[in-house]
>>> print(open('work-v5.pdb').read())   # PDB, C-alpha atoms and all ligand atoms
ATOM      1  CA  MET A1409     -15.155  20.287   2.756
ATOM      2  CA  SER A1410     -16.784  17.102   1.523
ATOM      3  CA  ALA A1411     -20.480  16.519   1.785
ATOM      4  CA  ILE A1412     -21.741  12.955   2.016
ATOM      5  CA  SER A1413     -23.360  13.378  -1.391
ATOM      6  CA  GLU A1414     -19.927  13.922  -2.995
ATOM      7  CA  ILE A1415     -18.667  10.531  -1.888
ATOM      8  CA  PRO A1416     -19.117   7.953  -4.665
ATOM      9  CA  THR A1417     -22.095   5.696  -4.031
ATOM     10  CA  ALA A1418     -20.039   2.496  -3.770
ATOM     11  CA  ASP A1419     -17.932   3.937  -0.944
ATOM     12  CA  ARG A1420     -21.020   4.847   1.013
ATOM     13  CA  LEU A1421     -22.347   1.305   0.959
ATOM     14  CA  VAL A1422     -21.874  -0.205   4.384
ATOM     15  CA  GLY A1423     -20.536  -3.476   3.037
ATOM     16  CA  GLN A1424     -21.114  -6.367   0.725
ATOM     17  CA  VAL A1425     -24.345  -8.250   1.345
ATOM     18  CA  ILE A1426     -23.400 -11.871   2.069
ATOM     19  CA  VAL A1427     -26.907 -13.245   2.563
ATOM     20  CA  ARG A1428     -30.170 -11.786   1.354
ATOM     21  CA  ALA A1429     -33.585 -13.328   1.890
ATOM     22  CA  SER A1430     -36.445 -11.618   0.064
ATOM     23  CA  HIS A1431     -40.090 -12.465   0.721
ATOM     24  CA  VAL A1432     -39.194 -16.004   1.670
ATOM     25  CA  GLU A1433     -42.087 -18.370   2.340
ATOM     26  CA  LEU A1434     -41.846 -22.018   3.257
ATOM     27  CA  TYR A1435     -44.672 -24.529   3.463
ATOM     28  CA  ARG A1436     -44.197 -28.100   4.577
ATOM     29  CA  ASP A1437     -47.041 -30.603   4.213
ATOM     30  CA  GLY A1438     -49.402 -27.678   3.683
ATOM     31  CA  GLN A1439     -48.259 -26.060   6.938
ATOM     32  CA  GLU A1440     -46.791 -22.595   6.921
ATOM     33  CA  VAL A1441     -43.264 -22.702   8.361
ATOM     34  CA  LEU A1442     -41.933 -19.310   7.242
ATOM     35  CA  ARG A1443     -43.862 -16.255   6.110
ATOM     36  CA  ASP A1444     -42.464 -13.250   4.260
ATOM     37  CA  VAL A1445     -38.953 -13.368   5.726
ATOM     38  CA  ASN A1446     -36.764 -10.479   4.600
ATOM     39  CA  LEU A1447     -33.211 -10.367   5.853
ATOM     40  CA  GLU A1448     -29.822  -9.013   4.866
ATOM     41  CA  VAL A1449     -26.522  -9.946   6.431
ATOM     42  CA  ALA A1450     -23.561  -7.721   5.588
ATOM     43  CA  LYS A1451     -19.941  -8.827   5.385
ATOM     44  CA  GLY A1452     -18.282  -9.075   8.777
ATOM     45  CA  GLU A1453     -21.529  -9.014  10.719
ATOM     46  CA  ILE A1454     -22.476 -11.374  13.511
ATOM     47  CA  LEU A1455     -26.185 -12.121  13.323
ATOM     48  CA  GLY A1456     -27.929 -13.972  16.148
ATOM     49  CA  ILE A1457     -31.230 -15.677  15.382
ATOM     50  CA  VAL A1458     -33.519 -16.228  18.357
ATOM     51  CA  GLY A1459     -37.086 -17.409  18.746
ATOM     52  CA  PRO A1460     -39.282 -20.179  20.158
ATOM     53  CA  ASN A1461     -38.865 -23.857  19.299
ATOM     54  CA  GLY A1462     -40.586 -24.622  16.039
ATOM     55  CA  GLY A1463     -40.309 -20.966  15.022
ATOM     56  CA  GLY A1464     -38.479 -21.910  11.835
ATOM     57  CA  LYS A1465     -34.859 -21.076  12.749
ATOM     58  CA  THR A1466     -33.355 -24.320  11.469
ATOM     59  CA  SER A1467     -35.621 -24.215   8.443
ATOM     60  CA  LEU A1468     -34.379 -20.719   7.566
ATOM     61  CA  LEU A1469     -30.726 -21.774   7.918
ATOM     62  CA  ARG A1470     -31.361 -24.750   5.627
ATOM     63  CA  LEU A1471     -32.829 -22.440   2.997
ATOM     64  CA  ILE A1472     -29.821 -20.120   3.279
ATOM     65  CA  LEU A1473     -27.537 -23.145   2.833
ATOM     66  CA  GLY A1474     -29.429 -24.360  -0.230
ATOM     67  CA  LEU A1475     -30.354 -27.625   1.527
ATOM     68  CA  ASP A1476     -34.057 -26.911   1.039
ATOM     69  CA  ARG A1477     -35.882 -24.742  -1.437
ATOM     70  CA  PRO A1478     -38.297 -21.970  -0.414
ATOM     71  CA  SER A1479     -41.917 -22.318  -1.553
ATOM     72  CA  SER A1480     -41.595 -18.771  -2.822
ATOM     73  CA  GLY A1481     -39.222 -15.843  -2.504
ATOM     74  CA  GLU A1482     -35.500 -15.529  -3.144
ATOM     75  CA  ILE A1483     -32.329 -16.345  -1.265
ATOM     76  CA  GLU A1484     -29.020 -14.915  -2.415
ATOM     77  CA  LEU A1485     -25.564 -15.903  -1.224
ATOM     78  CA  PHE A1486     -22.684 -13.562  -2.081
ATOM     79  CA  GLY A1487     -24.990 -11.810  -4.544
ATOM     80  CA  GLU A1488     -26.007 -14.966  -6.404
ATOM     81  CA  PRO A1489     -29.277 -16.903  -6.267
ATOM     82  CA  VAL A1490     -28.608 -19.840  -3.969
ATOM     83  CA  SER A1491     -29.808 -22.285  -6.644
ATOM     84  CA  ARG A1492     -26.923 -21.201  -8.858
ATOM     85  CA  PHE A1493     -24.334 -20.762  -6.107
ATOM     86  CA  ARG A1494     -21.402 -23.187  -6.438
ATOM     87  CA  GLU A1495     -18.666 -21.865  -4.153
ATOM     88  CA  TRP A1496     -19.729 -23.929  -1.158
ATOM     89  CA  HIS A1497     -16.192 -23.963   0.230
ATOM     90  CA  ARG A1498     -16.888 -20.331   1.184
ATOM     91  CA  VAL A1499     -19.620 -21.465   3.582
ATOM     92  CA  GLY A1500     -19.128 -23.396   6.815
ATOM     93  CA  TYR A1501     -22.086 -25.055   8.552
ATOM     94  CA  ILE A1502     -22.303 -26.617  11.974
ATOM     95  CA  PRO A1503     -25.726 -28.261  12.327
ATOM     96  CA  GLN A1504     -27.858 -28.521  15.452
ATOM     97  CA  HIS A1505     -26.753 -31.310  17.851
ATOM     98  CA  ALA A1506     -23.363 -31.601  16.146
ATOM     99  CA  VAL A1507     -21.681 -32.232  19.505
ATOM    100  CA  ALA A1508     -23.998 -35.162  20.283
ATOM    101  CA  PHE A1509     -22.485 -37.290  17.523
ATOM    102  CA  ASP A1510     -20.959 -40.758  17.894
ATOM    103  CA  PRO A1511     -18.774 -40.829  21.002
ATOM    104  CA  ASN A1512     -16.663 -43.523  19.313
ATOM    105  CA  PHE A1513     -15.789 -41.245  16.397
ATOM    106  CA  PRO A1514     -12.286 -42.553  15.741
ATOM    107  CA  ALA A1515     -10.389 -39.466  14.545
ATOM    108  CA  THR A1516      -8.188 -37.186  16.601
ATOM    109  CA  VAL A1517      -8.581 -33.438  16.909
ATOM    110  CA  ARG A1518      -5.697 -32.874  14.476
ATOM    111  CA  GLU A1519      -7.157 -35.283  11.880
ATOM    112  CA  THR A1520     -10.665 -33.877  12.175
ATOM    113  CA  VAL A1521      -9.562 -30.274  11.727
ATOM    114  CA  LEU A1522      -7.382 -31.318   8.778
ATOM    115  CA  LEU A1523     -10.502 -32.760   7.136
ATOM    116  CA  GLY A1524     -11.652 -29.158   6.871
ATOM    117  CA  ARG A1525      -8.937 -28.802   4.215
ATOM    118  CA  VAL A1526     -10.524 -31.430   1.970
ATOM    119  CA  ALA A1527     -13.107 -29.007   0.597
ATOM    120  CA  PRO A1528     -10.673 -26.328  -0.606
ATOM    121  CA  ARG A1529      -8.056 -28.888  -1.684
ATOM    122  CA  GLY A1530     -10.301 -31.500  -3.299
ATOM    123  CA  VAL A1531     -10.601 -35.131  -2.247
ATOM    124  CA  PHE A1532      -8.012 -36.504  -4.675
ATOM    125  CA  HIS A1533      -5.107 -34.377  -3.563
ATOM    126  CA  TRP A1534      -2.611 -35.024  -0.838
ATOM    127  CA  PHE A1535      -2.432 -32.461   1.924
ATOM    128  CA  ARG A1536       0.384 -29.960   1.568
ATOM    129  CA  GLN A1537       2.416 -28.113   4.148
ATOM    130  CA  GLU A1538      -0.021 -25.233   3.790
ATOM    131  CA  ASP A1539      -2.936 -27.462   4.816
ATOM    132  CA  PHE A1540      -1.160 -28.585   7.962
ATOM    133  CA  ALA A1541      -0.250 -24.988   8.768
ATOM    134  CA  VAL A1542      -3.830 -23.762   8.316
ATOM    135  CA  ALA A1543      -5.180 -26.617  10.445
ATOM    136  CA  ARG A1544      -2.609 -25.806  13.146
ATOM    137  CA  SER A1545      -3.576 -22.158  13.264
ATOM    138  CA  ALA A1546      -7.297 -23.055  13.385
ATOM    139  CA  ILE A1547      -6.585 -25.371  16.328
ATOM    140  CA  GLU A1548      -4.696 -22.595  18.066
ATOM    141  CA  LEU A1549      -7.349 -19.951  17.375
ATOM    142  CA  CYS A1550     -10.039 -22.221  18.789
ATOM    143  CA  GLY A1551      -8.122 -22.848  22.000
ATOM    144  CA  LEU A1552      -7.436 -26.533  21.273
ATOM    145  CA  SER A1553      -3.650 -26.475  21.556
ATOM    146  CA  GLY A1554      -2.500 -29.458  23.574
ATOM    147  CA  LEU A1555      -5.541 -31.547  22.566
ATOM    148  CA  GLU A1556      -4.335 -32.305  19.010
ATOM    149  CA  GLY A1557      -3.777 -36.010  19.598
ATOM    150  CA  ARG A1558      -6.951 -36.656  21.605
ATOM    151  CA  ARG A1559      -9.898 -38.572  20.161
ATOM    152  CA  VAL A1560     -12.751 -36.149  19.417
ATOM    153  CA  GLY A1561     -15.352 -38.556  20.836
ATOM    154  CA  ALA A1562     -13.660 -38.383  24.223
ATOM    155  CA  LEU A1563     -13.746 -34.583  24.521
ATOM    156  CA  SER A1564     -16.215 -32.472  26.481
ATOM    157  CA  GLY A1565     -19.164 -30.886  24.686
ATOM    158  CA  GLY A1566     -17.514 -27.472  24.619
ATOM    159  CA  GLU A1567     -14.234 -28.874  23.295
ATOM    160  CA  LYS A1568     -16.040 -30.875  20.596
ATOM    161  CA  GLN A1569     -17.870 -27.745  19.597
ATOM    162  CA  ARG A1570     -14.562 -25.896  19.183
ATOM    163  CA  VAL A1571     -13.223 -28.818  17.089
ATOM    164  CA  PHE A1572     -16.157 -28.391  14.712
ATOM    165  CA  ILE A1573     -15.537 -24.672  14.521
ATOM    166  CA  ALA A1574     -11.820 -25.268  13.910
ATOM    167  CA  LYS A1575     -12.651 -27.756  11.152
ATOM    168  CA  ALA A1576     -15.082 -25.288   9.601
ATOM    169  CA  ILE A1577     -12.655 -22.363   9.645
ATOM    170  CA  ALA A1578      -9.783 -24.541   8.349
ATOM    171  CA  SER A1579     -11.548 -24.423   4.985
ATOM    172  CA  ARG A1580     -11.237 -20.618   5.166
ATOM    173  CA  PRO A1581     -14.930 -19.840   4.712
ATOM    174  CA  ASP A1582     -16.299 -16.320   4.376
ATOM    175  CA  LEU A1583     -19.563 -17.261   6.061
ATOM    176  CA  LEU A1584     -20.034 -19.497   9.079
ATOM    177  CA  VAL A1585     -23.519 -20.757   9.957
ATOM    178  CA  MET A1586     -24.121 -22.460  13.306
ATOM    179  CA  ASP A1587     -27.364 -23.917  14.631
ATOM    180  CA  GLU A1588     -27.561 -23.697  18.439
ATOM    181  CA  PRO A1589     -23.810 -24.013  18.970
ATOM    182  CA  THR A1590     -24.090 -23.288  22.692
ATOM    183  CA  ALA A1591     -26.883 -25.769  23.421
ATOM    184  CA  GLY A1592     -25.709 -28.320  25.976
ATOM    185  CA  VAL A1593     -22.293 -26.813  26.658
ATOM    186  CA  ASP A1594     -21.204 -25.621  30.097
ATOM    187  CA  PRO A1595     -21.133 -21.878  30.970
ATOM    188  CA  GLU A1596     -17.329 -21.663  30.702
ATOM    189  CA  SER A1597     -17.438 -23.206  27.201
ATOM    190  CA  GLU A1598     -20.213 -20.822  26.313
ATOM    191  CA  ARG A1599     -18.101 -17.849  27.380
ATOM    192  CA  ARG A1600     -15.165 -19.185  25.355
ATOM    193  CA  PHE A1601     -17.467 -19.634  22.381
ATOM    194  CA  TYR A1602     -18.506 -15.974  22.428
ATOM    195  CA  ASP A1603     -14.892 -14.834  22.846
ATOM    196  CA  LEU A1604     -14.017 -16.985  19.846
ATOM    197  CA  LEU A1605     -16.853 -15.400  17.846
ATOM    198  CA  GLY A1606     -15.264 -12.011  18.431
ATOM    199  CA  ARG A1607     -11.896 -13.272  17.203
ATOM    200  CA  LEU A1608     -13.411 -14.895  14.097
ATOM    201  CA  LYS A1609     -14.914 -11.548  13.229
ATOM    202  CA  ASP A1610     -11.914  -9.372  14.121
ATOM    203  CA  GLU A1611      -9.064 -11.608  12.943
ATOM    204  CA  LEU A1612     -10.632 -13.500  10.035
ATOM    205  CA  GLY A1613     -13.293 -11.004   8.967
ATOM    206  CA  LEU A1614     -15.818 -13.835   9.045
ATOM    207  CA  THR A1615     -19.529 -13.262   8.695
ATOM    208  CA  VAL A1616     -21.364 -15.379  11.247
ATOM    209  CA  ILE A1617     -25.006 -16.419  11.526
ATOM    210  CA  PHE A1618     -25.974 -18.492  14.522
ATOM    211  CA  VAL A1619     -29.036 -19.604  16.436
ATOM    212  CA  SER A1620     -29.140 -19.313  20.198
ATOM    213  CA  HIS A1621     -31.516 -19.405  23.139
ATOM    214  CA  ASP A1622     -29.327 -17.344  25.458
ATOM    215  CA  LEU A1623     -31.025 -14.005  24.924
ATOM    216  CA  GLY A1624     -28.932 -12.179  27.515
ATOM    217  CA  VAL A1625     -25.609 -13.238  26.030
ATOM    218  CA  VAL A1626     -26.805 -12.749  22.478
ATOM    219  CA  SER A1627     -27.885  -9.196  23.219
ATOM    220  CA  ALA A1628     -24.382  -8.404  24.478
ATOM    221  CA  ARG A1629     -22.356 -10.196  21.810
ATOM    222  CA  VAL A1630     -23.917  -9.835  18.358
ATOM    223  CA  ASP A1631     -24.123  -6.961  15.877
ATOM    224  CA  ARG A1632     -27.673  -7.715  14.917
ATOM    225  CA  VAL A1633     -30.448  -9.962  16.009
ATOM    226  CA  ALA A1634     -33.274 -11.582  14.081
ATOM    227  CA  CYS A1635     -36.276 -12.685  16.139
ATOM    228  CA  LEU A1636     -38.081 -15.416  14.268
ATOM    229  CA  ASN A1637     -41.479 -16.878  15.001
ATOM    230  CA  ARG A1638     -42.565 -18.076  11.569
ATOM    231  CA  THR A1639     -42.042 -14.523  10.408
ATOM    232  CA  LEU A1640     -39.458 -11.961  11.471
ATOM    233  CA  VAL A1641     -40.948 -10.347  14.554
ATOM    234  CA  TYR A1642     -37.925  -8.065  14.814
ATOM    235  CA  GLU A1643     -34.632  -7.527  13.045
ATOM    236  CA  GLY A1644     -32.073  -4.944  14.127
ATOM    237  CA  PRO A1645     -29.774  -3.912  16.994
ATOM    238  CA  PRO A1646     -29.709  -6.500  19.794
ATOM    239  CA  ARG A1647     -30.643  -4.106  22.603
ATOM    240  CA  ALA A1648     -34.257  -4.693  21.558
ATOM    241  CA  LEU A1649     -34.005  -8.077  23.290
ATOM    242  CA  HIS A1650     -34.508  -6.124  26.515
ATOM    243  CA  ASP A1651     -37.895  -4.941  25.331
ATOM    244  CA  GLU A1652     -40.511  -6.932  27.164
ATOM    245  CA  ALA A1653     -43.287  -6.284  24.674
ATOM    246  CA  LEU A1654     -41.102  -7.633  21.884
ATOM    247  CA  LEU A1655     -40.293 -10.775  23.864
ATOM    248  CA  ARG A1656     -43.993 -11.309  24.558
ATOM    249  CA  THR A1657     -44.755 -11.013  20.839
ATOM    250  CA  LEU A1658     -41.910 -13.354  20.025
ATOM    251  CA  TYR A1659     -42.639 -16.048  22.582
ATOM    252  CA  GLY A1660     -46.331 -15.376  23.062
ATOM    253  CA  GLY A1661     -46.538 -15.396  26.845
ATOM    254  CA  GLY A1662     -44.718 -14.485  30.023
ATOM    255  CA  THR A1663     -42.416 -17.482  29.950
ATOM    256  CA  VAL A1664     -39.156 -15.794  29.029
ATOM    257  CA  THR A1665     -36.603 -14.389  31.391
ATOM    258  CA  ILE A1666     -33.555 -12.678  30.080
ATOM    259  CA  ALA A1667     -30.237 -12.997  31.882
ATOM    260  CA  HIS A1668     -28.970  -9.476  32.400
ATOM    261  CA  SER A1669     -25.460  -8.411  31.527
ATOM    262  CA  GLU A1670     -23.999  -5.678  33.746
ATOM    263  CA  GLU A1671     -23.876  -2.873  31.176
ATOM    264  CA  GLU A1672     -27.318  -3.303  29.716
ATOM    265  CA  PRO A1673     -30.491  -1.778  31.140
ATOM    266  CA  HIS A1674     -32.702  -4.276  32.931
ATOM    267  CA  THR A1675     -36.085  -5.461  31.861
ATOM    268  CA  HIS A1676     -38.369  -5.793  34.838
ATOM    269  CA  GLY A1677     -40.740  -8.717  34.893
ATOM    270  CA  HIS A1678     -44.209  -8.613  36.388
TER     271      HIS A1678
HETATM  272  N1  LIG B   1     -38.160 -32.495   8.498
HETATM  273  C1  LIG B   1     -39.318 -31.938   8.838
HETATM  274  N2  LIG B   1     -40.485 -32.429   8.368
HETATM  275  C2  LIG B   1     -41.662 -31.859   8.704
HETATM  276  N3  LIG B   1     -41.779 -30.796   9.497
HETATM  277  C3  LIG B   1     -40.663 -30.264   9.998
HETATM  278  C4  LIG B   1     -39.371 -30.787   9.701
HETATM  279  N4  LIG B   1     -38.451 -30.032  10.340
HETATM  280  C5  LIG B   1     -39.128 -29.087  10.986
HETATM  281  N5  LIG B   1     -40.445 -29.204  10.797
HETATM  282  C6  LIG B   1     -41.490 -28.293  11.315
HETATM  283  O1  LIG B   1     -41.208 -27.002  10.801
HETATM  284  C7  LIG B   1     -41.426 -26.023  11.807
HETATM  285  C8  LIG B   1     -40.145 -25.232  12.052
HETATM  286  O2  LIG B   1     -39.163 -26.109  12.609
HETATM  287  P1  LIG B   1     -37.652 -25.662  12.813
HETATM  288  O3  LIG B   1     -37.205 -24.937  11.619
HETATM  289  O4  LIG B   1     -36.904 -26.882  13.206
HETATM  290  O5  LIG B   1     -37.776 -24.640  14.047
HETATM  291  P2  LIG B   1     -36.689 -24.196  15.117
HETATM  292  O6  LIG B   1     -35.339 -24.533  14.573
HETATM  293  O7  LIG B   1     -36.918 -22.737  15.276
HETATM  294  O8  LIG B   1     -37.003 -24.947  16.378
HETATM  295  C9  LIG B   1     -41.939 -26.768  13.016
HETATM  296  O9  LIG B   1     -43.333 -26.709  12.998
HETATM  297  C10 LIG B   1     -41.449 -28.180  12.804
HETATM  298  O10 LIG B   1     -42.312 -29.093  13.421
HETATM  299 MG    MG B   2     -33.782 -25.662  15.311
END
>>> encode(input="work-v5.pdb", output="structure tokens")
Amino acid sequence: MSAISEIPTADRLVGQVIVRASHVELYRDGQEVLRDVNLEVAKGEILGIVGPNGGGKTSLLRLILGLDRPSSGEIELFGEPVSRFREWHRVGYIPQHAVAFDPNFPATVRETVLLGRVAPRGVFHWFRQEDFAVARSAIELCGLSGLEGRRVGALSGGEKQRVFIAKAIASRPDLLVMDEPTAGVDPESERRFYDLLGRLKDELGLTVIFVSHDLGVVSARVDRVACLNRTLVYEGPPRALHDEALLRTLYGGGTVTIAHSEEEPHTHGH
């Protein structure tokens, strides 16, 4: 018989911590943007970040990505302070409004996804067979087969979004960060996006952090949710998104309705 206490400590740890934010504060022009944010994202987890506009979601992602510096507190990526982190090829980032870029963007789907191989390969190296193979499998995984030769600018919002994801995963990241990836895409593309999320986690073991406004879908599709309104109002299992009191605290009013998925208990509005 083996008691839990006999198992070596390391084996009991749930998983490697990929992102850790400790007591993070951010001020911009004297205004408080983030207050005492504490967050851990474990390897293989899908974390959804929700919250009102201006709540600091993009700002938090930018701190995690080392694009901005917190006013105080610590951010660690893969166990290292972000200021010292150098393995940026392990991190993929799709910024907010990525799909609204130049409609005349001249590259094809195949070329754009292949560009995802530049980071791991280095700019001054020719692509190898392996790069083409990885790009091909990313295209396939993202449901873009048949569109390889099309110009990205001419694709639908949902297809463009999947091109960006394919490009990001072609560099074989361990962490993928996406800011409102489902904003402005049609419901069918949104469904495909969430199916793809599941495959990225199951087949590639990716850790994913993304921002979304679709509370109903998020609550059904993520491992954990972080509710951010300048500070973390809630962080934990996503079923809490059905708690009306929490939503009121998060959004500060009765303005939020949550789309119900069939399995989840309903939240009744007043
Ligand atoms: N580049 C910027 N310069 C000054 N203030 C900014 C900038 N970006 C965001 N802010 C402010 O920081 C706060 C948080 O914004 P943001 O992180 O974009 O929130 P969210 O992504 O949740 O909508 C808001 O008050 C916003 O006005
Ligand atoms: Mg934002």
>>> closest_residue(input="work-v5.pdb", among="A:Glu1488, A:Glu1588, A:Glu1482, A:Glu1440", to="ligand MG 2 (chain B)", atoms="only C-alpha atoms and all ligand atoms")
A:Glu1588
>>> closest_atom_pairs(input="work-v5.pdb", of="chain A", to="ligand LIG 1 (chain B)", cutoff="7 Å", atoms="all atoms listed in the file", output="Markdown table")
| residue | atom | partner | partner_atom | distance |
| --- | --- | --- | --- | --- |
| A:Arg1436 | CA | B:LIG1 | N3 | 6.1 |
| A:Val1441 | CA | B:LIG1 | C7 | 5.1 |
| A:Gly1459 | CA | B:LIG1 | O7 | 6.4 |
| A:Pro1460 | CA | B:LIG1 | O7 | 6.0 |
| A:Asn1461 | CA | B:LIG1 | O8 | 3.6 |
| A:Gly1462 | CA | B:LIG1 | O5 | 3.4 |
| A:Gly1463 | CA | B:LIG1 | O7 | 3.8 |
| A:Gly1464 | CA | B:LIG1 | O3 | 3.3 |
| A:Lys1465 | CA | B:LIG1 | O7 | 3.7 |
| A:Thr1466 | CA | B:LIG1 | O6 | 3.7 |
| A:Ser1467 | CA | B:LIG1 | O3 | 3.6 |
| A:Leu1468 | CA | B:LIG1 | O3 | 6.5 |
>>> write_last_selection(input="work-v5.pdb", atoms="C-alpha atoms", output="PDB file, in the frame of the given file")
ATOM      1  CA  ARG A1436     -44.197 -28.100   4.577  1.00  0.00           C
ATOM      2  CA  VAL A1441     -43.264 -22.702   8.361  1.00  0.00           C
ATOM      3  CA  GLY A1459     -37.086 -17.409  18.746  1.00  0.00           C
ATOM      4  CA  PRO A1460     -39.282 -20.179  20.158  1.00  0.00           C
ATOM      5  CA  ASN A1461     -38.865 -23.857  19.299  1.00  0.00           C
ATOM      6  CA  GLY A1462     -40.586 -24.622  16.039  1.00  0.00           C
ATOM      7  CA  GLY A1463     -40.309 -20.966  15.022  1.00  0.00           C
ATOM      8  CA  GLY A1464     -38.479 -21.910  11.835  1.00  0.00           C
ATOM      9  CA  LYS A1465     -34.859 -21.076  12.749  1.00  0.00           C
ATOM     10  CA  THR A1466     -33.355 -24.320  11.469  1.00  0.00           C
ATOM     11  CA  SER A1467     -35.621 -24.215   8.443  1.00  0.00           C
ATOM     12  CA  LEU A1468     -34.379 -20.719   7.566  1.00  0.00           C
TER      13      LEU A1468
END
>>> residues_around(input="work-v5.pdb", residues="Ile1454 (chain A)", least_positions_apart="4", cutoff="12 Å", atoms="only C-alpha atoms", output="PyMOL selection string")
chain A and resi 1426-1427+1448-1450+1583-1586+1602+1604-1610+1613-1619+1626-1634+1644-1646
>>> closest_residue(input="work-v5.pdb", among="A:Leu1563, A:Leu1555, A:Val1542, A:Leu1636", to="ligand MG 2 (chain B)", atoms="only C-alpha atoms and all ligand atoms")
A:Leu1636
>>> closest_residue(input="work-v5.pdb", among="A:Gly1487, A:Glu1598, A:Val1526, A:Ile1502", to="ligand MG 2 (chain B)", atoms="all atoms listed in the file")
A:Ile1502
>>> closest_residue(input="work-v5.pdb", among="A:Val1432, A:Val1425, A:Leu1469, A:Ala1508", to="ligand MG 2 (chain B)", atoms="all atoms listed in the file")
A:Leu1469
>>> closest_residue(input="work-v5.pdb", among="A:Asp1582, A:Asp1622, A:Glu1484, A:Asp1603", to="Tyr1501 (chain A)", atoms="all atoms listed in the file")
A:Asp1582
>>> atom_distance(input="work-v5.pdb", atom1="CA of Gln1504 (chain A)", atom2="CA of Glu1596 (chain A)")
19.8 Å
>>> closest_residue(input="work-v5.pdb", among="A:Ser1479, A:Ser1597, A:Ser1620, A:Gln1439", to="ligand MG 2 (chain B)", atoms="all atoms listed in the file")
A:Ser1620
>>> atom_distance(input="work-v5.pdb", atom1="CA of Lys1575 (chain A)", atom2="CA of Arg1529 (chain A)")
13.7 Å
>>> residues_near_point(input="work-v5.pdb", point="(-37.4, -23.2, -2.7)", cutoff="12 Å", atoms="all atoms listed in the file", output="number ranges by chain")
A: 1429-1436, 1442, 1467-1468, 1470-1484, 1489-1491
>>> atom_distance(input="work-v5.pdb", atom1="CA of Ala1574 (chain A)", atom2="CA of Leu1552 (chain A)")
8.7 Å
>>> residues_near_point(input="work-v5.pdb", point="(-18.7, -26.7, 27.1)", cutoff="12 Å", atoms="all atoms listed in the file", output="MDAnalysis selection string")
chainID A and resid 1507 1563:1571 1589:1602
>>> resolve_selection(input="work-v5.pdb", expression="the PyMOL selection byres (((chain A and resi 1497) around 10) and not hetatm)", output="PDB file with C-alpha atoms, in the frame of the given file")
ATOM      1  CA  ARG A1494     -21.402 -23.187  -6.438  1.00  0.00           C
ATOM      2  CA  GLU A1495     -18.666 -21.865  -4.153  1.00  0.00           C
ATOM      3  CA  TRP A1496     -19.729 -23.929  -1.158  1.00  0.00           C
ATOM      4  CA  ARG A1498     -16.888 -20.331   1.184  1.00  0.00           C
ATOM      5  CA  VAL A1499     -19.620 -21.465   3.582  1.00  0.00           C
ATOM      6  CA  GLY A1500     -19.128 -23.396   6.815  1.00  0.00           C
ATOM      7  CA  GLY A1524     -11.652 -29.158   6.871  1.00  0.00           C
ATOM      8  CA  ARG A1525      -8.937 -28.802   4.215  1.00  0.00           C
ATOM      9  CA  VAL A1526     -10.524 -31.430   1.970  1.00  0.00           C
ATOM     10  CA  ALA A1527     -13.107 -29.007   0.597  1.00  0.00           C
ATOM     11  CA  PRO A1528     -10.673 -26.328  -0.606  1.00  0.00           C
ATOM     12  CA  ARG A1529      -8.056 -28.888  -1.684  1.00  0.00           C
ATOM     13  CA  ALA A1576     -15.082 -25.288   9.601  1.00  0.00           C
ATOM     14  CA  SER A1579     -11.548 -24.423   4.985  1.00  0.00           C
ATOM     15  CA  ARG A1580     -11.237 -20.618   5.166  1.00  0.00           C
ATOM     16  CA  PRO A1581     -14.930 -19.840   4.712  1.00  0.00           C
ATOM     17  CA  ASP A1582     -16.299 -16.320   4.376  1.00  0.00           C
ATOM     18  CA  LEU A1583     -19.563 -17.261   6.061  1.00  0.00           C
TER      19      LEU A1583
END
>>> resolve_selection(input="work-v5.pdb", expression="the PyMOL selection byres (((chain A and resi 1517) around 9) and not hetatm)", output="list in words")
Ala1515, Thr1516, Arg1518, Glu1519, Thr1520, Val1521, Leu1522, Ile1547, Leu1552, Leu1555, Glu1556, Gly1557, Arg1558, Arg1559, Val1560, Lys1568 and Val1571 of chain A
